[in-house]
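For reference, work_26.cif is printed below; it contains mmCIF, C-alpha atoms and all ligand atoms.
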data_structure
loop_
_atom_site.group_PDB
_atom_site.id
_atom_site.type_symbol
_atom_site.label_atom_id
_atom_site.label_comp_id
_atom_site.auth_asym_id
_atom_site.auth_seq_id
_atom_site.Cartn_x
_atom_site.Cartn_y
_atom_site.Cartn_z
ATOM 1 C CA MET S 27 42.696 13.745 24.063
ATOM 2 C CA LYS S 28 42.744 17.499 23.404
ATOM 3 C CA VAL S 29 43.114 19.816 26.388
ATOM 4 C CA LEU S 30 42.972 23.659 26.376
ATOM 5 C CA ASP S 31 43.471 25.241 22.933
ATOM 6 C CA LYS S 32 46.492 23.253 21.711
ATOM 7 C CA GLY S 33 47.319 20.851 24.547
ATOM 8 C CA GLU S 34 47.075 17.095 24.671
ATOM 9 C CA VAL S 35 47.109 14.078 26.972
ATOM 10 C CA ARG S 36 47.759 10.691 25.410
ATOM 11 C CA LEU S 37 48.009 7.363 27.230
ATOM 12 C CA ILE S 38 51.065 5.715 25.659
ATOM 13 C CA ASN S 39 51.462 2.615 27.845
ATOM 14 C CA LYS S 40 49.758 1.005 30.788
ATOM 15 C CA MET S 41 50.660 -1.911 33.005
ATOM 16 C CA GLY S 42 48.746 -3.903 35.590
ATOM 17 C CA GLY S 43 45.298 -2.364 35.862
ATOM 18 C CA ASP S 44 42.978 -3.453 38.692
ATOM 19 C CA LEU S 45 44.306 -7.009 38.669
ATOM 20 C CA ALA S 46 47.879 -6.036 39.587
ATOM 21 C CA VAL S 47 46.531 -4.258 42.683
ATOM 22 C CA ILE S 48 44.309 -7.186 43.644
ATOM 23 C CA ALA S 49 47.209 -9.614 43.212
ATOM 24 C CA ALA S 50 49.550 -7.410 45.243
ATOM 25 C CA ALA S 51 47.020 -7.281 48.081
ATOM 26 C CA ARG S 52 46.279 -11.022 48.026
ATOM 27 C CA VAL S 53 49.918 -12.100 47.893
ATOM 28 C CA SER S 54 49.798 -11.603 51.676
ATOM 29 C CA ASN S 55 47.795 -14.843 51.761
ATOM 30 C CA GLY S 56 50.153 -16.625 49.384
ATOM 31 C CA VAL S 57 47.736 -16.392 46.433
ATOM 32 C CA GLU S 58 49.370 -16.587 42.993
ATOM 33 C CA TYR S 59 48.798 -13.934 40.314
ATOM 34 C CA GLU S 60 46.667 -16.214 38.101
ATOM 35 C CA ALA S 61 44.320 -16.990 40.993
ATOM 36 C CA ALA S 62 44.208 -13.460 42.391
ATOM 37 C CA SER S 63 40.757 -12.468 41.144
ATOM 38 C CA LYS S 64 37.863 -13.815 43.215
ATOM 39 C CA GLY S 65 35.150 -12.392 40.978
ATOM 40 C CA GLU S 66 34.089 -8.793 40.426
ATOM 41 C CA GLU S 67 32.067 -8.400 43.619
ATOM 42 C CA ALA S 68 34.803 -9.708 45.931
ATOM 43 C CA ASP S 69 37.489 -7.784 44.032
ATOM 44 C CA GLN S 70 35.494 -4.567 44.285
ATOM 45 C CA LYS S 71 35.020 -5.110 48.015
ATOM 46 C CA LEU S 72 38.754 -5.608 48.464
ATOM 47 C CA LEU S 73 39.651 -2.450 46.502
ATOM 48 C CA ASN S 74 37.090 -0.392 48.459
ATOM 49 C CA TYR S 75 38.591 -1.683 51.693
ATOM 50 C CA LEU S 76 42.168 -0.891 50.615
ATOM 51 C CA ILE S 77 41.257 2.669 49.651
ATOM 52 C CA LYS S 78 39.092 3.306 52.717
ATOM 53 C CA HIS S 79 41.804 2.134 55.089
ATOM 54 C CA ARG S 80 44.578 3.812 53.094
ATOM 55 C CA HIS S 81 46.475 0.624 52.306
ATOM 56 C CA GLY S 82 48.120 2.407 49.402
ATOM 57 C CA THR S 83 51.076 0.217 48.435
ATOM 58 C CA PRO S 84 49.163 -2.359 46.282
ATOM 59 C CA PHE S 85 48.180 0.532 43.985
ATOM 60 C CA GLU S 86 51.861 1.129 43.243
ATOM 61 C CA HIS S 87 51.935 -1.986 41.029
ATOM 62 C CA SER S 88 49.897 -0.489 38.203
ATOM 63 C CA THR S 89 51.536 2.146 36.058
ATOM 64 C CA PHE S 90 50.656 4.616 33.331
ATOM 65 C CA GLN S 91 52.833 6.397 30.791
ATOM 66 C CA PHE S 92 51.335 9.586 29.354
ATOM 67 C CA TYR S 93 52.494 11.947 26.657
ATOM 68 C CA VAL S 94 51.541 15.482 27.668
ATOM 69 C CA LYS S 95 51.596 18.757 25.801
ATOM 70 C CA ALA S 96 50.940 21.669 28.147
ATOM 71 C CA PRO S 97 51.928 25.308 28.755
ATOM 72 C CA LEU S 98 55.033 25.881 30.851
ATOM 73 C CA PHE S 99 53.116 27.410 33.772
ATOM 74 C CA VAL S 100 51.001 24.238 34.007
ATOM 75 C CA VAL S 101 54.127 22.066 33.847
ATOM 76 C CA LEU S 102 55.728 24.032 36.689
ATOM 77 C CA GLU S 103 52.800 22.982 38.889
ATOM 78 C CA TRP S 104 52.670 19.463 37.462
ATOM 79 C CA GLN S 105 56.297 18.586 38.069
ATOM 80 C CA ARG S 106 55.975 19.368 41.778
ATOM 81 C CA HIS S 107 54.493 15.857 41.906
ATOM 82 C CA ARG S 108 57.716 14.043 42.673
ATOM 83 C CA MET S 109 56.420 10.481 42.784
ATOM 84 C CA ALA S 110 56.546 10.176 38.984
ATOM 85 C CA SER S 111 59.111 10.045 36.175
ATOM 86 C CA TYR S 112 59.492 12.869 33.690
ATOM 87 C CA ASN S 113 61.355 13.443 30.447
ATOM 88 C CA GLU S 114 60.793 16.710 28.608
ATOM 89 C CA ILE S 115 61.694 18.296 25.277
ATOM 90 C CA SER S 116 64.918 20.309 25.578
ATOM 91 C CA GLY S 117 64.938 23.965 24.630
ATOM 92 C CA ARG S 118 68.717 23.639 24.388
ATOM 93 C CA TYR S 119 68.447 21.224 21.428
ATOM 94 C CA VAL S 120 65.157 22.154 19.815
ATOM 95 C CA GLU S 121 63.898 25.410 18.376
ATOM 96 C CA PHE S 122 60.461 25.909 19.916
ATOM 97 C CA GLU S 123 57.429 26.234 17.636
ATOM 98 C CA PRO S 124 55.337 29.376 18.111
ATOM 99 C CA GLU S 125 52.709 27.491 20.095
ATOM 100 C CA PHE S 126 51.243 29.506 22.921
ATOM 101 C CA TYR S 127 48.212 28.985 25.136
ATOM 102 C CA ILE S 128 45.790 31.756 24.235
ATOM 103 C CA PRO S 129 42.637 31.749 26.378
ATOM 104 C CA ASN S 130 39.530 33.499 25.108
ATOM 105 C CA LYS S 131 37.875 33.763 28.517
ATOM 106 C CA TRP S 132 39.528 35.714 31.329
ATOM 107 C CA ARG S 133 38.948 35.069 34.994
ATOM 108 C CA ILE S 134 38.725 37.458 37.915
ATOM 109 C CA PRO S 135 40.287 36.972 41.384
ATOM 110 C CA ALA S 136 38.144 34.743 43.614
ATOM 111 C CA SER S 137 36.663 36.455 46.649
ATOM 112 C CA THR S 138 36.965 33.344 48.854
ATOM 113 C CA ASN S 139 40.469 32.096 47.966
ATOM 114 C CA LYS S 140 43.421 34.453 47.495
ATOM 115 C CA GLN S 141 45.178 32.018 45.123
ATOM 116 C CA GLY S 142 42.063 31.296 43.091
ATOM 117 C CA SER S 143 40.113 32.804 40.214
ATOM 118 C CA VAL S 144 36.601 32.444 38.854
ATOM 119 C CA PHE S 145 34.672 33.003 35.646
ATOM 120 C CA PRO S 146 32.309 35.829 36.537
ATOM 121 C CA ASP S 147 28.689 34.728 36.680
ATOM 122 C CA ILE S 148 25.553 36.674 35.832
ATOM 123 C CA GLU S 149 25.015 37.538 39.499
ATOM 124 C CA PHE S 150 28.434 39.172 39.622
ATOM 125 C CA LEU S 151 27.777 41.135 36.444
ATOM 126 C CA ASN S 152 24.348 42.240 37.605
ATOM 127 C CA ARG S 153 25.961 43.688 40.697
ATOM 128 C CA TRP S 154 28.101 45.893 38.439
ATOM 129 C CA LYS S 155 25.067 46.994 36.425
ATOM 130 C CA GLY S 156 26.963 46.964 33.163
ATOM 131 C CA GLU S 157 29.842 49.113 34.464
ATOM 132 C CA HIS S 158 32.392 46.330 34.738
ATOM 133 C CA PRO S 159 34.473 45.733 31.583
ATOM 134 C CA TYR S 160 33.219 42.134 31.594
ATOM 135 C CA ALA S 161 29.581 43.122 31.388
ATOM 136 C CA ASN S 162 29.522 43.649 27.633
ATOM 137 C CA ASP S 163 31.006 40.230 26.994
ATOM 138 C CA TYR S 164 28.553 38.061 28.942
ATOM 139 C CA ARG S 165 24.945 37.340 28.133
ATOM 140 C CA ASP S 166 22.946 34.393 29.428
ATOM 141 C CA GLY S 167 26.024 32.825 30.979
ATOM 142 C CA GLN S 168 27.965 32.799 27.707
ATOM 143 C CA VAL S 169 30.979 34.739 26.509
ATOM 144 C CA PHE S 170 30.590 36.866 23.405
ATOM 145 C CA PRO S 171 33.537 38.262 21.465
ATOM 146 C CA GLY S 172 33.074 41.602 23.170
ATOM 147 C CA THR S 173 35.440 44.333 24.152
ATOM 148 C CA PHE S 174 37.028 43.075 27.352
ATOM 149 C CA HIS S 175 37.822 39.444 26.517
ATOM 150 C CA GLY S 176 38.768 40.364 22.963
ATOM 151 C CA LYS S 177 41.170 43.037 24.205
ATOM 152 C CA MET S 178 42.852 40.722 26.701
ATOM 153 C CA THR S 179 43.209 37.935 24.109
ATOM 154 C CA ASN S 180 44.495 40.265 21.381
ATOM 155 C CA THR S 181 47.074 41.746 23.732
ATOM 156 C CA LEU S 182 48.416 38.296 24.550
ATOM 157 C CA GLU S 183 48.488 37.275 20.876
ATOM 158 C CA LEU S 184 50.404 40.410 19.925
ATOM 159 C CA TYR S 185 52.825 39.927 22.795
ATOM 160 C CA CYS S 186 53.523 36.278 21.871
ATOM 161 C CA LYS S 187 54.100 37.209 18.233
ATOM 162 C CA GLU S 188 56.536 39.918 19.300
ATOM 163 C CA VAL S 189 58.563 37.774 21.714
ATOM 164 C CA TYR S 190 58.675 34.844 19.309
ATOM 165 C CA GLY S 191 60.144 37.239 16.719
ATOM 166 C CA ILE S 192 62.795 38.271 19.243
ATOM 167 C CA TYR S 193 63.516 34.595 19.993
ATOM 168 C CA LEU S 194 64.095 33.911 16.267
ATOM 169 C CA TYR S 195 66.166 37.102 15.974
ATOM 170 C CA TYR S 196 68.568 35.869 18.680
ATOM 171 C CA ILE S 197 68.904 32.485 16.962
ATOM 172 C CA GLU S 198 69.500 34.165 13.569
ATOM 173 C CA GLN S 199 72.206 36.274 15.220
ATOM 174 C CA GLY S 200 73.965 33.078 16.294
ATOM 175 C CA VAL S 201 72.919 33.042 19.945
ATOM 176 C CA ALA S 202 72.557 29.528 21.448
ATOM 177 C CA LYS S 203 68.985 28.264 21.807
ATOM 178 C CA GLU S 204 69.574 27.761 25.537
ATOM 179 C CA MET S 205 69.985 31.535 25.863
ATOM 180 C CA ALA S 206 67.518 32.682 23.214
ATOM 181 C CA ARG S 207 64.734 30.844 25.070
ATOM 182 C CA MET S 208 65.041 33.291 27.965
ATOM 183 C CA VAL S 209 62.607 35.620 26.218
ATOM 184 C CA LEU S 210 59.826 33.049 25.879
ATOM 185 C CA PRO S 211 56.754 33.384 28.116
ATOM 186 C CA LEU S 212 55.151 30.874 30.500
ATOM 187 C CA ASN S 213 52.228 30.168 28.153
ATOM 188 C CA LEU S 214 54.601 28.463 25.675
ATOM 189 C CA TYR S 215 53.636 24.825 25.064
ATOM 190 C CA THR S 216 56.130 22.144 26.021
ATOM 191 C CA GLN S 217 55.988 18.334 25.787
ATOM 192 C CA PHE S 218 56.916 15.619 28.223
ATOM 193 C CA TYR S 219 56.368 12.013 29.258
ATOM 194 C CA PHE S 220 54.781 11.409 32.636
ATOM 195 C CA THR S 221 55.121 7.877 33.990
ATOM 196 C CA VAL S 222 53.417 7.272 37.278
ATOM 197 C CA ASN S 223 51.893 4.527 39.392
ATOM 198 C CA ALA S 224 48.179 4.423 40.204
ATOM 199 C CA ARG S 225 48.632 5.490 43.817
ATOM 200 C CA SER S 226 50.574 8.577 42.885
ATOM 201 C CA LEU S 227 48.249 9.295 39.972
ATOM 202 C CA MET S 228 45.266 9.293 42.328
ATOM 203 C CA ASN S 229 47.164 11.757 44.535
ATOM 204 C CA PHE S 230 47.857 13.968 41.498
ATOM 205 C CA VAL S 231 44.226 13.898 40.373
ATOM 206 C CA SER S 232 42.783 14.397 43.850
ATOM 207 C CA LEU S 233 44.887 17.546 44.290
ATOM 208 C CA ARG S 234 44.813 18.943 40.756
ATOM 209 C CA ALA S 235 41.214 18.169 39.786
ATOM 210 C CA ALA S 236 40.004 19.829 42.989
ATOM 211 C CA GLU S 237 38.189 23.125 42.720
ATOM 212 C CA ASP S 238 40.979 25.073 44.389
ATOM 213 C CA ALA S 239 43.536 24.013 41.737
ATOM 214 C CA GLN S 240 44.237 26.363 38.836
ATOM 215 C CA TRP S 241 41.631 25.976 36.088
ATOM 216 C CA GLU S 242 44.185 25.053 33.389
ATOM 217 C CA ILE S 243 45.857 22.186 35.278
ATOM 218 C CA ARG S 244 42.377 21.041 36.364
ATOM 219 C CA GLN S 245 41.490 20.442 32.714
ATOM 220 C CA TYR S 246 44.464 18.060 32.420
ATOM 221 C CA ALA S 247 43.701 16.331 35.739
ATOM 222 C CA LEU S 248 40.044 15.846 34.775
ATOM 223 C CA THR S 249 41.108 14.334 31.436
ATOM 224 C CA ILE S 250 43.475 11.952 33.227
ATOM 225 C CA LYS S 251 40.697 11.050 35.670
ATOM 226 C CA GLU S 252 38.554 9.907 32.715
ATOM 227 C CA ILE S 253 41.425 7.803 31.345
ATOM 228 C CA PHE S 254 41.985 6.315 34.798
ATOM 229 C CA LYS S 255 38.296 5.343 34.970
ATOM 230 C CA GLU S 256 38.619 3.376 31.724
ATOM 231 C CA VAL S 257 41.863 1.635 32.635
ATOM 232 C CA MET S 258 41.076 0.812 36.287
ATOM 233 C CA PRO S 259 37.275 0.818 36.614
ATOM 234 C CA LEU S 260 37.079 -1.082 39.927
ATOM 235 C CA THR S 261 39.740 1.054 41.584
ATOM 236 C CA TYR S 262 37.950 4.121 40.242
ATOM 237 C CA ASN S 263 34.675 2.964 41.854
ATOM 238 C CA GLY S 264 36.372 2.504 45.216
ATOM 239 C CA TRP S 265 38.134 5.833 44.893
ATOM 240 C CA GLU S 266 34.852 7.569 44.062
ATOM 241 C CA LYS S 267 33.136 5.869 47.011
ATOM 242 C CA ASN S 268 35.823 7.352 49.266
ATOM 243 C CA GLY S 269 35.441 10.916 48.008
ATOM 244 C CA PHE S 270 38.340 10.680 45.525
ATOM 245 C CA LEU S 271 40.896 10.826 48.330
ATOM 246 C CA ALA S 272 44.113 9.053 47.383
ATOM 247 C CA PRO S 273 45.014 6.019 49.522
HETATM 248 C C1 LIG X 301 45.873 23.926 45.037
HETATM 249 C C2 LIG X 301 47.373 23.799 45.228
HETATM 250 C C3 LIG X 301 48.111 24.923 45.548
HETATM 251 C C4 LIG X 301 49.504 24.821 45.711
HETATM 252 N N1 LIG X 301 50.216 25.944 46.031
HETATM 253 C C5 LIG X 301 51.545 25.850 46.203
HETATM 254 C C6 LIG X 301 52.327 27.009 46.519
HETATM 255 O O1 LIG X 301 51.807 28.100 46.645
HETATM 256 N N2 LIG X 301 53.679 26.867 46.652
HETATM 257 C C7 LIG X 301 54.286 25.654 46.524
HETATM 258 O O2 LIG X 301 55.504 25.562 46.687
HETATM 259 N N3 LIG X 301 53.578 24.542 46.220
HETATM 260 C C8 LIG X 301 52.247 24.615 46.035
HETATM 261 N N4 LIG X 301 51.537 23.476 45.717
HETATM 262 C C9 LIG X 301 52.268 22.218 45.493
HETATM 263 C C10 LIG X 301 52.140 21.273 46.700
HETATM 264 O O3 LIG X 301 52.768 21.826 47.851
HETATM 265 C C11 LIG X 301 52.801 19.920 46.371
HETATM 266 O O4 LIG X 301 54.169 20.125 46.112
HETATM 267 C C12 LIG X 301 52.207 19.233 45.174
HETATM 268 O O5 LIG X 301 50.799 19.279 45.233
HETATM 269 C C13 LIG X 301 52.690 17.779 45.110
HETATM 270 O O6 LIG X 301 52.000 17.044 46.094
HETATM 271 P P1 LIG X 301 52.645 15.789 46.812
HETATM 272 O O7 LIG X 301 53.858 16.188 47.582
HETATM 273 O O8 LIG X 301 51.542 15.116 47.604
HETATM 274 O O9 LIG X 301 53.005 14.862 45.559
HETATM 275 P P2 LIG X 301 54.313 13.978 45.307
HETATM 276 O O10 LIG X 301 55.521 14.826 45.255
HETATM 277 O O11 LIG X 301 54.016 13.138 44.102
HETATM 278 O O12 LIG X 301 54.413 13.094 46.573
HETATM 279 C C14 LIG X 301 53.437 12.065 46.845
HETATM 280 C C15 LIG X 301 53.508 11.719 48.313
HETATM 281 O O13 LIG X 301 54.774 11.141 48.605
HETATM 282 C C16 LIG X 301 55.212 11.583 49.881
HETATM 283 N N5 LIG X 301 56.454 12.353 49.731
HETATM 284 C C17 LIG X 301 57.022 12.777 48.578
HETATM 285 N N6 LIG X 301 58.163 13.414 48.818
HETATM 286 C C18 LIG X 301 58.324 13.396 50.156
HETATM 287 C C19 LIG X 301 59.305 13.921 51.023
HETATM 288 N N7 LIG X 301 60.360 14.595 50.604
HETATM 289 N N8 LIG X 301 59.161 13.730 52.346
HETATM 290 C C20 LIG X 301 58.094 13.048 52.833
HETATM 291 N N9 LIG X 301 57.110 12.533 52.060
HETATM 292 C C21 LIG X 301 57.230 12.717 50.745
HETATM 293 C C22 LIG X 301 54.084 12.404 50.475
HETATM 294 O O14 LIG X 301 53.222 11.572 51.217
HETATM 295 C C23 LIG X 301 53.376 12.918 49.260
HETATM 296 O O15 LIG X 301 52.007 13.274 49.482
HETATM 297 C C24 LIG X 301 50.155 23.574 45.548
HETATM 298 C C25 LIG X 301 49.386 22.449 45.222
HETATM 299 C C26 LIG X 301 48.018 22.543 45.052
HETATM 300 C C27 LIG X 301 47.232 21.319 44.685
#

Reformat the file's structure so that it appears as structure tokens.
Amino acid sequence: MKVLDKGEVRLINKMGGDLAVIAAARVSNGVEYEAASKGEEADQKLLNYLIKHRHGTPFEHSTFQFYVKAPLFVVLEWQRHRMASYNEISGRYVEFEPEFYIPNKWRIPASTNKQGSVFPDIEFLNRWKGEHPYANDYRDGQVFPGTFHGKMTNTLELYCKEVYGIYLYYIEQGVAKEMARMVLPLNLYTQFYFTVNARSLMNFVSLRAAEDAQWEIRQYALTIKEIFKEVMPLTYNGWEKNGFLAP
């Protein structure tokens, strides 16, 4: 599934699904794997109960392996989630492609959260009565290729082109890739595998799909949430019922 301008999330492997969780919970009563399901209604009830009462360990028996392509600044946030396994492309071996995240909409600092940012709405622009640099670029809640956004995007494109040229220059001069990469910016795309159990994945999504998370990592977390819904529909229902808090 495509994310941002050039990013991607792909489910490579999955193991267990809802049934592995149900079996792990019912092993307490000596029930075998093959007999673990007691029908959808009873299974759903059990999963709701486990999530509500934060009995999280049964959810550790289902796992997902994703391939992810994301900008470095997103990956810095992502890999803070320690309860997962990661393997990433090495900039010591590989010459990076000139693939950079180039947004075409620029956000302003949020007034309610120092860390956050927002897309300015019409109300905000009306307050500025056309004097804010954003005003020319927004009409009816949509972005037009106007002066402000265009200028910000062009500046980033020019910058990336320039630094990528410097990166290639170092390599041409015989400098090792592990040093040449020092010039590359945080919007460079990288690739990695992310293998994680369902409990930890719910923790990742609950934190990174939340409104206070950075917009770019939110797009990845929301994509993963959709995949999760398809792979573990009963767990997803129970999770939703409990406000998407991880057990
Ligand atoms: C909106 C937002 C803003 C953030 N801002 C910052 C910031 O400004 N600076 C910053 O440094 N980080 C920041 N973070 C990262 C945050 O502090 C966590 O590192 C990250 O969200 C991973 O969460 P986690 O520890 O629950 O996940 P995981 O590392 O996957 O851990 C899952 C769970 O395992 C348990 N666990 C894991 N490791 C340990 C341990 N060593 N000891 C005890 N229990 C453990 C905990 O119960 C934990 O919740 C931010 C995160 C979000 C969502």

Item to check | Output check: residues returned by the PyMOL selection byres (((chain S and resi 214) around 8) and not hetatm), as a ChimeraX atom specification | outcome: /S:97-98,124-127,210-213,215-216

Checklist entry - Residues around (50.5, 9.8, 39.4), cut-off 10 Å, counting all atoms listed in the file - what are they as a ChimeraX atom specification? => result /S:86,89-91,107-111,220-231,250

Dump of C-alpha atoms for the selected residues, as a short mmCIF file (atom, residue, chain, number, x, y, z; two decimals), in the frame of the given file:
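The resulting file, result_14.cif, is reproduced below:
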data_model
loop_
_atom_site.label_atom_id
_atom_site.label_comp_id
_atom_site.auth_asym_id
_atom_site.auth_seq_id
_atom_site.Cartn_x
_atom_site.Cartn_y
_atom_site.Cartn_z
CA GLU S 86 51.86 1.13 43.24
CA THR S 89 51.54 2.15 36.06
CA PHE S 90 50.66 4.62 33.33
CA GLN S 91 52.83 6.40 30.79
CA HIS S 107 54.49 15.86 41.91
CA ARG S 108 57.72 14.04 42.67
CA MET S 109 56.42 10.48 42.78
CA ALA S 110 56.55 10.18 38.98
CA SER S 111 59.11 10.04 36.17
CA PHE S 220 54.78 11.41 32.64
CA THR S 221 55.12 7.88 33.99
CA VAL S 222 53.42 7.27 37.28
CA ASN S 223 51.89 4.53 39.39
CA ALA S 224 48.18 4.42 40.20
CA ARG S 225 48.63 5.49 43.82
CA SER S 226 50.57 8.58 42.88
CA LEU S 227 48.25 9.30 39.97
CA MET S 228 45.27 9.29 42.33
CA ASN S 229 47.16 11.76 44.54
CA PHE S 230 47.86 13.97 41.50
CA VAL S 231 44.23 13.90 40.37
CA ILE S 250 43.48 11.95 33.23
#

Next on the checklist: Here's the selection I'm unsure about, the PyMOL selection byres (((chain S and resi 49) around 12) and not hetatm); applied to the file above, which residues does it give, as a PyMOL selection string?
Outcome noted: chain S and resi 42-48+50-64+69+72-73+83-88

Item to check | Among listed residues S:Ser116, S:Gln105, S:Gln199, S:Thr261, nearest ligand LIG 301 (chain X) (using only C-alpha atoms and all ligand atoms) | outcome: S:Gln105

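In this model, the gap between atom C11 of ligand LIG 301 (chain X) and CA of Trp104 (chain S) comes to 8.9 Å.
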
Item to check | Residue neighbourhood Glu188 (chain S), 12 Å, only C-alpha atoms, exclusion window fewer than 4 positions, as a count of residues only | outcome: 12

Checklist entry - Taking into account all atoms listed in the file, which residue in the set S:Val144, S:Leu248, S:Cys186, S:Leu102 is nearest to ligand LIG 301 (chain X)? => result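 Once distances to ligand LIG 301 (chain X) are computed over all atoms listed in the file, the minimum belongs to S:Leu102.
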
Would you compute, for all listed atoms of ligand LIG 301 (chain X), the axis-aligned bounding box grown by 6 Å on each side, and then report its centre and edge lengths in Å rounded to one decimal, as AutoDock Vina command-line options?
--center_x 53.1 --center_y 19.6 --center_z 48.5 --size_x 26.5 --size_y 29.0 --size_z 20.7

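Proximity ranking of S:Lys187, S:Arg106, S:Lys203, S:Arg244 relative to ligand LIG 301 (chain X) places S:Arg106 first, based on all atoms listed in the file.
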
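Computed from the coordinates, the atom C19 of ligand LIG 301 (chain X) to CA of Lys78 (chain S) distance equals 22.9 Å.
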
Checklist outcome for this item: The distance between CA of Lys32 (chain S) and CA of Asn130 (chain S) is 12.8 Å

Checklist entry - Of the candidates S:Ala236, S:Leu271, S:Met41, S:Ile134, which shows the shortest atom-to-atom distance to ligand LIG 301 (chain X), using all atoms listed in the file? => result S:Ala236

Next on the checklist: Under the rule that all atoms listed in the file are counted, which of S:Tyr75, S:Tyr112, S:Tyr262, S:Tyr185 is the nearest residue to ligand LIG 301 (chain X)?
Outcome noted: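 Among S:Tyr75, S:Tyr112, S:Tyr262, S:Tyr185, it is S:Tyr112 that comes nearest to ligand LIG 301 (chain X).
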
Checklist entry - Out of S:Pro129, S:Gly269, S:Gly200, S:Gly65, which residue has the shortest atom-to-atom distance to Gly176 (chain S) when counting all atoms listed in the file? => result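 Ranked by minimum distance to Gly176 (chain S), first place goes to S:Pro129.
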
For Gln217 (chain S), work out the shell of residues within 7 Å, counting all atoms listed in the file and skipping chain neighbours fewer than 6 positions away, then give it as an mmCIF file with C-alpha atoms, keeping the file's coordinate frame.
data_model
loop_
_atom_site.group_PDB
_atom_site.id
_atom_site.type_symbol
_atom_site.label_atom_id
_atom_site.label_comp_id
_atom_site.auth_asym_id
_atom_site.auth_seq_id
_atom_site.Cartn_x
_atom_site.Cartn_y
_atom_site.Cartn_z
ATOM 1 C CA VAL S 94 51.541 15.482 27.668
ATOM 2 C CA LYS S 95 51.596 18.757 25.801
ATOM 3 C CA ALA S 96 50.940 21.669 28.147
ATOM 4 C CA GLU S 114 60.793 16.710 28.608
ATOM 5 C CA ILE S 115 61.694 18.296 25.277
#

Next on the checklist: Could you list, as number ranges by chain, every residue matched by the PyMOL selection byres (((chain S and resi 243) around 9) and not hetatm) in this structure?
Outcome noted: S: 96, 100-101, 103-104, 234-235, 239-242, 244-248

Only C-alpha atoms needed: put region 110-135 of chain S from the block into a file as a PDB file, in the first residue's frame.
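part_8.pdb, freshly written:
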ATOM      1  CA  ALA S 110       9.719  -5.424  17.416  1.00  0.00           C
ATOM      2  CA  SER S 111      12.477  -6.717  15.135  1.00  0.00           C
ATOM      3  CA  TYR S 112      14.090  -4.521  12.514  1.00  0.00           C
ATOM      4  CA  ASN S 113      16.478  -5.000   9.618  1.00  0.00           C
ATOM      5  CA  GLU S 114      17.258  -2.011   7.422  1.00  0.00           C
ATOM      6  CA  ILE S 115      19.081  -1.259   4.176  1.00  0.00           C
ATOM      7  CA  SER S 116      22.704  -0.288   4.866  1.00  0.00           C
ATOM      8  CA  GLY S 117      24.028   3.019   3.611  1.00  0.00           C
ATOM      9  CA  ARG S 118      27.497   1.539   4.079  1.00  0.00           C
ATOM     10  CA  TYR S 119      26.889  -1.076   1.348  1.00  0.00           C
ATOM     11  CA  VAL S 120      24.334   0.563  -0.904  1.00  0.00           C
ATOM     12  CA  GLU S 121      24.401   3.809  -2.832  1.00  0.00           C
ATOM     13  CA  PHE S 122      21.124   5.532  -1.983  1.00  0.00           C
ATOM     14  CA  GLU S 123      18.710   6.429  -4.787  1.00  0.00           C
ATOM     15  CA  PRO S 124      17.690  10.090  -4.979  1.00  0.00           C
ATOM     16  CA  GLU S 125      14.345   9.385  -3.336  1.00  0.00           C
ATOM     17  CA  PHE S 126      13.217  12.126  -1.010  1.00  0.00           C
ATOM     18  CA  TYR S 127       9.898  12.862   0.665  1.00  0.00           C
ATOM     19  CA  ILE S 128       8.645  16.076  -0.901  1.00  0.00           C
ATOM     20  CA  PRO S 129       5.386  17.324   0.637  1.00  0.00           C
ATOM     21  CA  ASN S 130       3.216  19.729  -1.321  1.00  0.00           C
ATOM     22  CA  LYS S 131       1.268  20.960   1.699  1.00  0.00           C
ATOM     23  CA  TRP S 132       3.044  22.699   4.574  1.00  0.00           C
ATOM     24  CA  ARG S 133       1.776  22.785   8.119  1.00  0.00           C
ATOM     25  CA  ILE S 134       1.919  25.519  10.726  1.00  0.00           C
ATOM     26  CA  PRO S 135       2.736  25.082  14.448  1.00  0.00           C
TER      27      PRO S 135
END
